[in-house]
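File shown here: target-v6.pdb, holding PDB, C-alpha atoms, pLDDT in the B column.
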```pdb
ATOM      1  CA  MET A  71      58.237 -21.981 -63.655  1.00 44.00           C
ATOM      2  CA  LEU A  72      61.232 -20.562 -61.776  1.00 46.00           C
ATOM      3  CA  LYS A  73      61.743 -21.745 -58.230  1.00 50.00           C
ATOM      4  CA  VAL A  74      61.733 -19.141 -55.419  1.00 43.00           C
ATOM      5  CA  LYS A  75      65.518 -19.259 -54.935  1.00 46.00           C
ATOM      6  CA  GLN A  76      66.072 -18.796 -58.677  1.00 50.00           C
ATOM      7  CA  ARG A  77      63.739 -15.782 -58.733  1.00 46.00           C
ATOM      8  CA  ILE A  78      65.535 -14.256 -55.751  1.00 45.00           C
ATOM      9  CA  SER A  79      68.898 -14.748 -57.465  1.00 50.00           C
ATOM     10  CA  ILE A  80      67.655 -12.978 -60.576  1.00 46.00           C
ATOM     11  CA  VAL A  81      66.268 -10.095 -58.498  1.00 45.00           C
ATOM     12  CA  ALA A  82      69.563  -9.825 -56.602  1.00 48.00           C
ATOM     13  CA  ALA A  83      71.520  -9.649 -59.858  1.00 49.00           C
ATOM     14  CA  LEU A  84      69.240  -6.908 -61.169  1.00 46.00           C
ATOM     15  CA  VAL A  85      69.560  -4.952 -57.918  1.00 46.00           C
ATOM     16  CA  PHE A  86      73.349  -5.208 -58.118  1.00 48.00           C
ATOM     17  CA  ALA A  87      73.452  -4.022 -61.752  1.00 49.00           C
ATOM     18  CA  THR A  88      71.110  -1.102 -61.005  1.00 48.00           C
ATOM     19  CA  ALA A  89      73.157  -0.075 -57.985  1.00 45.00           C
ATOM     20  CA  MET A  90      76.359  -0.019 -59.998  1.00 46.00           C
ATOM     21  CA  ALA A  91      74.681   2.151 -62.619  1.00 46.00           C
ATOM     22  CA  PHE A  92      73.700   4.709 -59.961  1.00 45.00           C
ATOM     23  CA  GLY A  93      77.126   4.909 -58.357  1.00 53.00           C
ATOM     24  CA  GLN A  94      76.738   2.713 -55.273  1.00 72.00           C
ATOM     25  CA  THR A  95      79.818   0.936 -53.979  1.00 87.00           C
ATOM     26  CA  ALA A  96      80.013  -2.823 -54.383  1.00 90.00           C
ATOM     27  CA  GLU A  97      79.664  -3.224 -50.603  1.00 92.00           C
ATOM     28  CA  GLU A  98      76.528  -1.058 -50.465  1.00 94.00           C
ATOM     29  CA  SER A  99      74.986  -3.079 -53.257  1.00 94.00           C
ATOM     30  CA  LYS A 100      75.843  -6.353 -51.534  1.00 95.00           C
ATOM     31  CA  ARG A 101      74.222  -5.094 -48.342  1.00 96.00           C
ATOM     32  CA  GLU A 102      71.037  -4.263 -50.226  1.00 96.00           C
ATOM     33  CA  GLN A 103      71.021  -7.753 -51.713  1.00 96.00           C
ATOM     34  CA  MET A 104      71.651  -9.258 -48.282  1.00 97.00           C
ATOM     35  CA  VAL A 105      68.730  -7.385 -46.749  1.00 98.00           C
ATOM     36  CA  GLU A 106      66.376  -8.197 -49.619  1.00 97.00           C
ATOM     37  CA  THR A 107      67.226 -11.846 -50.217  1.00 97.00           C
ATOM     38  CA  GLN A 108      68.300 -13.071 -46.765  1.00 97.00           C
ATOM     39  CA  LEU A 109      66.131 -10.966 -44.451  1.00 98.00           C
ATOM     40  CA  GLN A 110      63.054  -9.502 -46.126  1.00 97.00           C
ATOM     41  CA  ALA A 111      62.546 -12.688 -48.143  1.00 96.00           C
ATOM     42  CA  ARG A 112      62.234 -14.530 -44.829  1.00 95.00           C
ATOM     43  CA  ASP A 113      60.613 -13.174 -41.673  1.00 95.00           C
ATOM     44  CA  ILE A 114      62.540 -10.013 -40.831  1.00 97.00           C
ATOM     45  CA  THR A 115      60.053  -7.150 -41.003  1.00 97.00           C
ATOM     46  CA  ASP A 116      61.079  -4.713 -38.244  1.00 98.00           C
ATOM     47  CA  PRO A 117      62.023  -1.405 -39.937  1.00 97.00           C
ATOM     48  CA  GLY A 118      64.699  -0.562 -37.372  1.00 97.00           C
ATOM     49  CA  THR A 119      66.395  -3.915 -37.739  1.00 98.00           C
ATOM     50  CA  LEU A 120      66.320  -3.768 -41.532  1.00 98.00           C
ATOM     51  CA  ALA A 121      67.696  -0.217 -41.558  1.00 98.00           C
ATOM     52  CA  ALA A 122      70.514  -1.183 -39.197  1.00 98.00           C
ATOM     53  CA  MET A 123      71.467  -4.227 -41.253  1.00 98.00           C
ATOM     54  CA  LEU A 124      71.459  -2.066 -44.372  1.00 97.00           C
ATOM     55  CA  ASN A 125      73.725   0.558 -42.835  1.00 97.00           C
ATOM     56  CA  VAL A 126      76.342  -1.425 -40.906  1.00 98.00           C
ATOM     57  CA  PRO A 127      79.313  -2.394 -43.148  1.00 97.00           C
ATOM     58  CA  ARG A 128      79.660  -6.087 -42.286  1.00 97.00           C
ATOM     59  CA  HIS A 129      82.813  -6.387 -44.420  1.00 97.00           C
ATOM     60  CA  GLU A 130      84.591  -4.157 -41.881  1.00 97.00           C
ATOM     61  CA  PHE A 131      83.987  -6.735 -39.157  1.00 98.00           C
ATOM     62  CA  VAL A 132      85.557  -9.809 -40.771  1.00 97.00           C
ATOM     63  CA  PRO A 133      89.228 -10.660 -41.434  1.00 96.00           C
ATOM     64  CA  GLU A 134      90.720  -9.227 -44.629  1.00 95.00           C
ATOM     65  CA  ARG A 135      91.210 -12.668 -46.199  1.00 96.00           C
ATOM     66  CA  ILE A 136      87.461 -13.418 -46.117  1.00 96.00           C
ATOM     67  CA  LYS A 137      85.957  -9.983 -46.800  1.00 95.00           C
ATOM     68  CA  GLN A 138      84.625 -11.279 -50.121  1.00 95.00           C
ATOM     69  CA  TYR A 139      82.273 -13.572 -48.161  1.00 96.00           C
ATOM     70  CA  ALA A 140      81.071 -10.901 -45.718  1.00 97.00           C
ATOM     71  CA  TYR A 141      77.550 -10.618 -47.139  1.00 97.00           C
ATOM     72  CA  GLU A 142      76.877 -14.296 -47.731  1.00 96.00           C
ATOM     73  CA  ASP A 143      74.335 -16.174 -45.618  1.00 94.00           C
ATOM     74  CA  ASN A 144      76.936 -17.825 -43.404  1.00 95.00           C
ATOM     75  CA  ALA A 145      78.732 -17.494 -40.093  1.00 95.00           C
ATOM     76  CA  LEU A 146      82.422 -16.672 -40.584  1.00 97.00           C
ATOM     77  CA  PRO A 147      85.534 -17.239 -38.434  1.00 96.00           C
ATOM     78  CA  ILE A 148      87.058 -14.164 -36.792  1.00 96.00           C
ATOM     79  CA  GLY A 149      89.925 -15.850 -34.922  1.00 94.00           C
ATOM     80  CA  LYS A 150      90.436 -17.241 -31.409  1.00 91.00           C
ATOM     81  CA  GLY A 151      87.880 -19.962 -32.123  1.00 90.00           C
ATOM     82  CA  GLN A 152      85.061 -17.392 -32.446  1.00 93.00           C
ATOM     83  CA  THR A 153      82.695 -16.495 -35.280  1.00 94.00           C
ATOM     84  CA  ILE A 154      80.541 -13.674 -36.599  1.00 96.00           C
ATOM     85  CA  SER A 155      76.977 -14.957 -36.852  1.00 95.00           C
ATOM     86  CA  GLN A 156      75.235 -15.204 -40.198  1.00 96.00           C
ATOM     87  CA  PRO A 157      73.289 -12.045 -41.113  1.00 98.00           C
ATOM     88  CA  TYR A 158      69.899 -13.697 -40.675  1.00 98.00           C
ATOM     89  CA  ILE A 159      70.631 -14.757 -37.087  1.00 97.00           C
ATOM     90  CA  VAL A 160      71.935 -11.279 -36.234  1.00 98.00           C
ATOM     91  CA  ALA A 161      68.747  -9.744 -37.629  1.00 98.00           C
ATOM     92  CA  PHE A 162      66.457 -12.346 -36.041  1.00 98.00           C
ATOM     93  CA  MET A 163      67.912 -11.838 -32.558  1.00 98.00           C
ATOM     94  CA  THR A 164      67.822  -8.074 -32.934  1.00 98.00           C
ATOM     95  CA  GLN A 165      64.202  -8.095 -34.085  1.00 98.00           C
ATOM     96  CA  ALA A 166      63.173 -10.412 -31.236  1.00 98.00           C
ATOM     97  CA  LEU A 167      64.267  -7.838 -28.646  1.00 98.00           C
ATOM     98  CA  GLN A 168      61.773  -5.270 -30.037  1.00 98.00           C
ATOM     99  CA  LEU A 169      64.247  -2.425 -29.608  1.00 98.00           C
ATOM    100  CA  ARG A 170      63.568   1.293 -29.939  1.00 97.00           C
ATOM    101  CA  SER A 171      65.340   4.603 -29.609  1.00 97.00           C
ATOM    102  CA  GLY A 172      66.197   5.708 -26.085  1.00 97.00           C
ATOM    103  CA  GLN A 173      66.960   2.226 -24.779  1.00 98.00           C
ATOM    104  CA  LYS A 174      70.107   0.778 -23.223  1.00 98.00           C
ATOM    105  CA  VAL A 175      71.246  -2.724 -24.231  1.00 98.00           C
ATOM    106  CA  LEU A 176      73.794  -5.162 -22.824  1.00 98.00           C
ATOM    107  CA  GLU A 177      75.503  -7.650 -25.135  1.00 98.00           C
ATOM    108  CA  ILE A 178      77.477 -10.638 -23.899  1.00 98.00           C
ATOM    109  CA  GLY A 179      80.018 -11.815 -26.476  1.00 97.00           C
ATOM    110  CA  THR A 180      81.333  -8.864 -28.482  1.00 97.00           C
ATOM    111  CA  GLY A 181      83.313 -10.915 -30.990  1.00 97.00           C
ATOM    112  CA  SER A 182      84.201  -8.638 -33.880  1.00 97.00           C
ATOM    113  CA  GLY A 183      81.735  -5.966 -32.745  1.00 98.00           C
ATOM    114  CA  TYR A 184      79.270  -6.430 -35.613  1.00 98.00           C
ATOM    115  CA  GLN A 185      76.206  -7.256 -33.529  1.00 98.00           C
ATOM    116  CA  ALA A 186      76.980  -4.351 -31.197  1.00 98.00           C
ATOM    117  CA  ALA A 187      77.173  -2.029 -34.209  1.00 98.00           C
ATOM    118  CA  VAL A 188      73.763  -3.214 -35.430  1.00 98.00           C
ATOM    119  CA  LEU A 189      72.250  -2.639 -31.986  1.00 98.00           C
ATOM    120  CA  ALA A 190      73.878   0.792 -31.807  1.00 98.00           C
ATOM    121  CA  LYS A 191      72.033   1.888 -34.940  1.00 98.00           C
ATOM    122  CA  ILE A 192      68.721   1.370 -33.127  1.00 98.00           C
ATOM    123  CA  VAL A 193      69.190   2.189 -29.432  1.00 98.00           C
ATOM    124  CA  ASP A 194      70.900   5.009 -27.554  1.00 98.00           C
ATOM    125  CA  SER A 195      73.642   2.998 -25.850  1.00 98.00           C
ATOM    126  CA  VAL A 196      75.191  -0.464 -26.070  1.00 98.00           C
ATOM    127  CA  TYR A 197      77.406  -2.059 -23.426  1.00 98.00           C
ATOM    128  CA  THR A 198      79.211  -5.141 -24.669  1.00 98.00           C
ATOM    129  CA  ILE A 199      81.471  -7.607 -22.870  1.00 98.00           C
ATOM    130  CA  GLU A 200      84.051  -9.930 -24.450  1.00 97.00           C
ATOM    131  CA  ILE A 201      86.050 -12.484 -22.482  1.00 96.00           C
ATOM    132  CA  VAL A 202      88.842 -12.879 -25.072  1.00 96.00           C
ATOM    133  CA  LYS A 203      91.284 -10.005 -24.536  1.00 96.00           C
ATOM    134  CA  GLU A 204      92.478  -9.775 -28.155  1.00 97.00           C
ATOM    135  CA  LEU A 205      88.940  -9.710 -29.520  1.00 97.00           C
ATOM    136  CA  ALA A 206      87.803  -7.105 -26.993  1.00 98.00           C
ATOM    137  CA  GLU A 207      90.706  -4.837 -27.914  1.00 98.00           C
ATOM    138  CA  SER A 208      90.289  -5.227 -31.662  1.00 98.00           C
ATOM    139  CA  ALA A 209      86.498  -4.762 -31.465  1.00 98.00           C
ATOM    140  CA  LYS A 210      86.884  -1.576 -29.444  1.00 98.00           C
ATOM    141  CA  ALA A 211      89.436  -0.178 -31.909  1.00 98.00           C
ATOM    142  CA  ARG A 212      87.215  -1.111 -34.854  1.00 98.00           C
ATOM    143  CA  LEU A 213      84.046   0.377 -33.386  1.00 98.00           C
ATOM    144  CA  ASP A 214      85.896   3.576 -32.480  1.00 98.00           C
ATOM    145  CA  ARG A 215      87.376   3.827 -35.977  1.00 98.00           C
ATOM    146  CA  LEU A 216      83.970   3.379 -37.579  1.00 98.00           C
ATOM    147  CA  GLY A 217      82.370   6.009 -35.365  1.00 98.00           C
ATOM    148  CA  TYR A 218      80.182   3.932 -33.050  1.00 98.00           C
ATOM    149  CA  GLY A 219      80.550   6.295 -30.113  1.00 97.00           C
ATOM    150  CA  ASN A 220      77.505   4.898 -28.309  1.00 98.00           C
ATOM    151  CA  VAL A 221      79.113   1.473 -27.851  1.00 98.00           C
ATOM    152  CA  LYS A 222      81.205   0.742 -24.750  1.00 98.00           C
ATOM    153  CA  VAL A 223      83.392  -2.387 -24.799  1.00 98.00           C
ATOM    154  CA  LYS A 224      84.722  -4.170 -21.727  1.00 97.00           C
ATOM    155  CA  ARG A 225      86.883  -7.256 -21.435  1.00 97.00           C
ATOM    156  CA  GLY A 226      85.571  -9.599 -18.804  1.00 96.00           C
ATOM    157  CA  ASP A 227      83.407 -12.537 -17.803  1.00 95.00           C
ATOM    158  CA  GLY A 228      79.986 -11.869 -19.254  1.00 95.00           C
ATOM    159  CA  TYR A 229      78.306 -14.109 -16.696  1.00 95.00           C
ATOM    160  CA  HIS A 230      78.395 -11.227 -14.219  1.00 96.00           C
ATOM    161  CA  GLY A 231      77.001  -8.670 -16.669  1.00 97.00           C
ATOM    162  CA  TRP A 232      77.778  -4.984 -16.151  1.00 98.00           C
ATOM    163  CA  PRO A 233      76.227  -4.047 -12.762  1.00 98.00           C
ATOM    164  CA  ALA A 234      77.483  -0.445 -12.820  1.00 97.00           C
ATOM    165  CA  GLN A 235      75.394   0.254 -15.938  1.00 97.00           C
ATOM    166  CA  ALA A 236      72.286  -1.737 -14.988  1.00 98.00           C
ATOM    167  CA  PRO A 237      69.372  -1.926 -15.385  1.00 98.00           C
ATOM    168  CA  PHE A 238      69.119  -2.694 -19.106  1.00 98.00           C
ATOM    169  CA  ASP A 239      66.092  -2.559 -21.374  1.00 98.00           C
ATOM    170  CA  ALA A 240      67.338  -5.635 -23.234  1.00 98.00           C
ATOM    171  CA  ILE A 241      70.163  -8.156 -23.040  1.00 98.00           C
ATOM    172  CA  MET A 242      71.567 -10.250 -25.869  1.00 98.00           C
ATOM    173  CA  VAL A 243      73.854 -13.234 -25.309  1.00 97.00           C
ATOM    174  CA  THR A 244      75.724 -14.409 -28.401  1.00 95.00           C
ATOM    175  CA  ALA A 245      77.208 -17.603 -26.948  1.00 92.00           C
ATOM    176  CA  GLY A 246      75.567 -20.893 -26.034  1.00 91.00           C
ATOM    177  CA  ALA A 247      74.949 -21.489 -22.313  1.00 93.00           C
ATOM    178  CA  ASP A 248      73.342 -24.213 -20.224  1.00 92.00           C
ATOM    179  CA  THR A 249      71.144 -21.809 -18.279  1.00 94.00           C
ATOM    180  CA  ILE A 250      70.434 -18.087 -18.148  1.00 96.00           C
ATOM    181  CA  PRO A 251      72.994 -16.463 -15.833  1.00 96.00           C
ATOM    182  CA  GLU A 252      71.146 -15.133 -12.790  1.00 96.00           C
ATOM    183  CA  PRO A 253      73.104 -11.834 -12.690  1.00 97.00           C
ATOM    184  CA  LEU A 254      71.814 -11.022 -16.185  1.00 98.00           C
ATOM    185  CA  LEU A 255      68.203 -11.499 -15.122  1.00 97.00           C
ATOM    186  CA  GLU A 256      68.837  -9.291 -12.102  1.00 97.00           C
ATOM    187  CA  GLN A 257      70.211  -6.541 -14.367  1.00 98.00           C
ATOM    188  CA  LEU A 258      67.231  -6.667 -16.740  1.00 98.00           C
ATOM    189  CA  LYS A 259      64.452  -4.116 -16.270  1.00 98.00           C
ATOM    190  CA  ILE A 260      60.932  -5.245 -15.468  1.00 98.00           C
ATOM    191  CA  GLY A 261      59.359  -5.739 -18.886  1.00 97.00           C
ATOM    192  CA  GLY A 262      62.801  -6.169 -20.444  1.00 98.00           C
ATOM    193  CA  ARG A 263      63.677  -8.874 -22.950  1.00 98.00           C
ATOM    194  CA  LEU A 264      66.682 -11.197 -22.970  1.00 98.00           C
ATOM    195  CA  ILE A 265      67.679 -13.511 -25.811  1.00 98.00           C
ATOM    196  CA  ILE A 266      70.152 -16.368 -25.403  1.00 97.00           C
ATOM    197  CA  PRO A 267      71.026 -19.758 -26.991  1.00 96.00           C
ATOM    198  CA  LEU A 268      70.442 -22.482 -24.383  1.00 96.00           C
ATOM    199  CA  GLY A 269      71.167 -26.204 -24.226  1.00 91.00           C
ATOM    200  CA  ARG A 270      73.728 -28.811 -23.307  1.00 86.00           C
ATOM    201  CA  TYR A 271      74.380 -30.030 -26.835  1.00 83.00           C
ATOM    202  CA  THR A 272      75.881 -28.543 -30.006  1.00 84.00           C
ATOM    203  CA  THR A 273      72.469 -27.568 -31.336  1.00 90.00           C
ATOM    204  CA  LYS A 274      70.739 -25.231 -28.900  1.00 90.00           C
ATOM    205  CA  GLN A 275      67.414 -23.468 -28.570  1.00 95.00           C
ATOM    206  CA  LEU A 276      67.345 -19.734 -29.049  1.00 97.00           C
ATOM    207  CA  VAL A 277      65.292 -18.636 -26.046  1.00 97.00           C
ATOM    208  CA  LEU A 278      63.543 -15.328 -25.472  1.00 98.00           C
ATOM    209  CA  ALA A 279      63.000 -14.417 -21.814  1.00 98.00           C
ATOM    210  CA  ILE A 280      60.679 -11.594 -20.727  1.00 98.00           C
ATOM    211  CA  LYS A 281      61.038 -10.351 -17.164  1.00 98.00           C
ATOM    212  CA  LYS A 282      57.721  -9.786 -15.431  1.00 96.00           C
ATOM    213  CA  LYS A 283      57.252  -8.289 -11.980  1.00 93.00           C
ATOM    214  CA  ASP A 284      57.008 -11.648 -10.268  1.00 92.00           C
ATOM    215  CA  LYS A 285      58.357 -14.154 -12.823  1.00 95.00           C
ATOM    216  CA  VAL A 286      60.346 -14.702 -16.005  1.00 96.00           C
ATOM    217  CA  VAL A 287      58.447 -15.992 -19.044  1.00 97.00           C
ATOM    218  CA  THR A 288      60.478 -17.896 -21.644  1.00 97.00           C
ATOM    219  CA  LYS A 289      59.770 -18.949 -25.214  1.00 97.00           C
ATOM    220  CA  ASN A 290      61.751 -21.209 -27.540  1.00 97.00           C
ATOM    221  CA  LEU A 291      62.272 -19.517 -30.902  1.00 97.00           C
ATOM    222  CA  MET A 292      64.429 -21.774 -33.072  1.00 95.00           C
ATOM    223  CA  ALA A 293      67.266 -24.291 -33.115  1.00 94.00           C
ATOM    224  CA  VAL A 294      70.687 -22.647 -33.505  1.00 93.00           C
ATOM    225  CA  ARG A 295      74.407 -23.300 -33.215  1.00 89.00           C
ATOM    226  CA  PHE A 296      76.685 -20.921 -31.316  1.00 91.00           C
ATOM    227  CA  VAL A 297      80.163 -20.959 -29.855  1.00 86.00           C
ATOM    228  CA  PRO A 298      80.061 -21.925 -26.156  1.00 84.00           C
ATOM    229  CA  PHE A 299      79.672 -19.437 -23.315  1.00 87.00           C
ATOM    230  CA  THR A 300      83.091 -19.387 -21.656  1.00 83.00           C
ATOM    231  CA  ARG A 301      83.935 -18.329 -18.100  1.00 83.00           C
ATOM    232  CA  GLU A 302      87.048 -17.078 -16.363  1.00 77.00           C
ATOM    233  CA  GLU A 303      88.648 -19.718 -14.180  1.00 70.00           C
TER
END
```

This structure in structure tokens:
Amino acid sequence: MLKVKQRISIVAALVFATAMAFGQTAEESKREQMVETQLQARDITDPGTLAAMLNVPRHEFVPERIKQYAYEDNALPIGKGQTISQPYIVAFMTQALQLRSGQKVLEIGTGSGYQAAVLAKIVDSVYTIEIVKELAESAKARLDRLGYGNVKVKRGDGYHGWPAQAPFDAIMVTAGADTIPEPLLEQLKIGGRLIIPLGRYTTKQLVLAIKKKDKVVTKNLMAVRFVPFTREE
């Protein structure tokens, strides 16, 4: 009897061949395989998240020399010591925020802009902050070129959030911190959800925080590895 991974590989190959026969691009076919074998085959079930992952061209958000690996189940380097998270983690964090149309989201750690693009396919507006000047500039240019007009990029220290645009329905932090920055909790709406990797070691806990009227409730979701949350000196 075929093992689960072998069956998935066979299904992926058939999906790819069928897509080519019906005129899909190679990238579109790879995205379908990614969604089916890496997301739906696991625990990603939110329709909005799946649709966003299917529609955002991940290969546009990685360096030219590694575009061939864009749809594999791995994090990839994007320069300046930063990475683009593996597709599953992007989808998992997005799904955990329970996003819907009409909302406003803050992202800390723009990187290449891929996660912001995924969020932008679901909500009305995304505000994203990147501390590395070169990455902030390239992400903004990329998002503009690809038509993500509902994403605003700012270079700065994400610890302070974006007070002028607060409050936010949800906040996503894509860098590992020791604790949740207090300014981010202050900028989160009552009932809002914040997701962040926390811990003092290389392996961290992905934590979901829900802001109640009189307290913040947190839940550990899974062990993860992220680049560290950096601050301006």

With only C-alpha atoms as the counted atoms, please give the residues lying no more than 12 Å from Thr115 in chain A, apart from itself and same-chain residues fewer than 3 positions off, as a list in words. Val105, Glu106, Gln108, Leu109, Gln110, Ala111, Arg112, Gly118, Thr119, Leu120, Ala121, Met123, Tyr158, Ala161, Phe162, Thr164, Gln165, Ala166 and Gln168 of chain A

Apply the PyMOL selection byres ((chain A and resi 242) around 8) to the displayed file and report the matching residues as a VMD selection string. chain A and resid 163 175 to 178 240 to 241 243 to 244 264 to 266

Can you translate the PyMOL selection byres ((chain A and resi 190) around 10) into the concrete residues it hits in this file, as a list in words?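 Output from the PyMOL selection byres ((chain A and resi 190) around 10), applied to this file: Ala122, Val126, Ser171, Gln173, Lys174, Val175, Tyr184, Gln185, Ala186, Ala187, Val188, Leu189, Lys191, Ile192, Val193, Asp194, Ser195, Val196, Tyr197, Tyr218, Gly219, Asn220 and Val221 of chain A.
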
Residue neighbourhood Ala145 in chain A, 9 Å, all atoms listed in the file, exclusion window fewer than 2 positions, as JSON, numbers by chain: {"A": [140, 142, 143, 147, 153, 154, 155, 156, 157]}

Preceding selection exported with C-alpha atoms as an mmCIF file, in the coordinates of the input:
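Contents of part30.cif, as written:
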```
data_model
loop_
_atom_site.group_PDB
_atom_site.id
_atom_site.type_symbol
_atom_site.label_atom_id
_atom_site.label_comp_id
_atom_site.auth_asym_id
_atom_site.auth_seq_id
_atom_site.Cartn_x
_atom_site.Cartn_y
_atom_site.Cartn_z
ATOM 1 C CA ALA A 140 81.071 -10.901 -45.718
ATOM 2 C CA GLU A 142 76.877 -14.296 -47.731
ATOM 3 C CA ASP A 143 74.335 -16.174 -45.618
ATOM 4 C CA PRO A 147 85.534 -17.239 -38.434
ATOM 5 C CA THR A 153 82.695 -16.495 -35.280
ATOM 6 C CA ILE A 154 80.541 -13.674 -36.599
ATOM 7 C CA SER A 155 76.977 -14.957 -36.852
ATOM 8 C CA GLN A 156 75.235 -15.204 -40.198
ATOM 9 C CA PRO A 157 73.289 -12.045 -41.113
#
```

Please, what distance in Å, to one decimal, runs between CA of Leu205 in chain A and CA of Pro133 in chain A?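 So the answer is 12.0 Å.
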
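Taking all atoms listed in the file into account, Ser208 in chain A lies nearest to A:Ile148 out of the set A:Ile159, A:Val287, A:Val294, A:Ile148.
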
Rounded to one decimal place, report the CA of Glu200 in chain A-CA of Arg225 in chain A distance in Å. 4.9 Å

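Considering all atoms listed in the file, the residue among A:Asn144, A:Ser182, A:Gln235, A:Thr95 positioned nearest to Arg212 in chain A is A:Ser182.
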
How many Å lie between CA of Phe131 in chain A and CA of Leu291 in chain A, rounded to one decimal?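 Result for CA of Phe131 in chain A versus CA of Leu291 in chain A: 26.5 Å, one decimal.
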
Within 12 Å of Glu204 in chain A, counting all atoms listed in the file, which residues show up once you throw out same-chain ones fewer than 5 positions away? Write them as a PyMOL selection string, please. chain A and resi 148-152+180-182+209-211+224-226

Apply the PyMOL selection byres ((chain A and resi 230) around 8) to the displayed file and report the matching residues as a count of residues only. 9

Return as JSON the box centre and box size in Å, one decimal, for an axis-aligned box around all listed atoms of range 102-113 of chain A padded by 5 Å per side.
```
{"center_x": 66.1, "center_y": -9.4, "center_z": -46.7, "size_x": 21.0, "size_y": 20.3, "size_z": 20.0}
```

For a quick check of your reading of the model, name the residues lying within 6 Å of the coordinate (78.3, -21.7, -27.4), counting only C-alpha atoms, and write them as a PyMOL selection string. chain A and resi 245-246+296-299
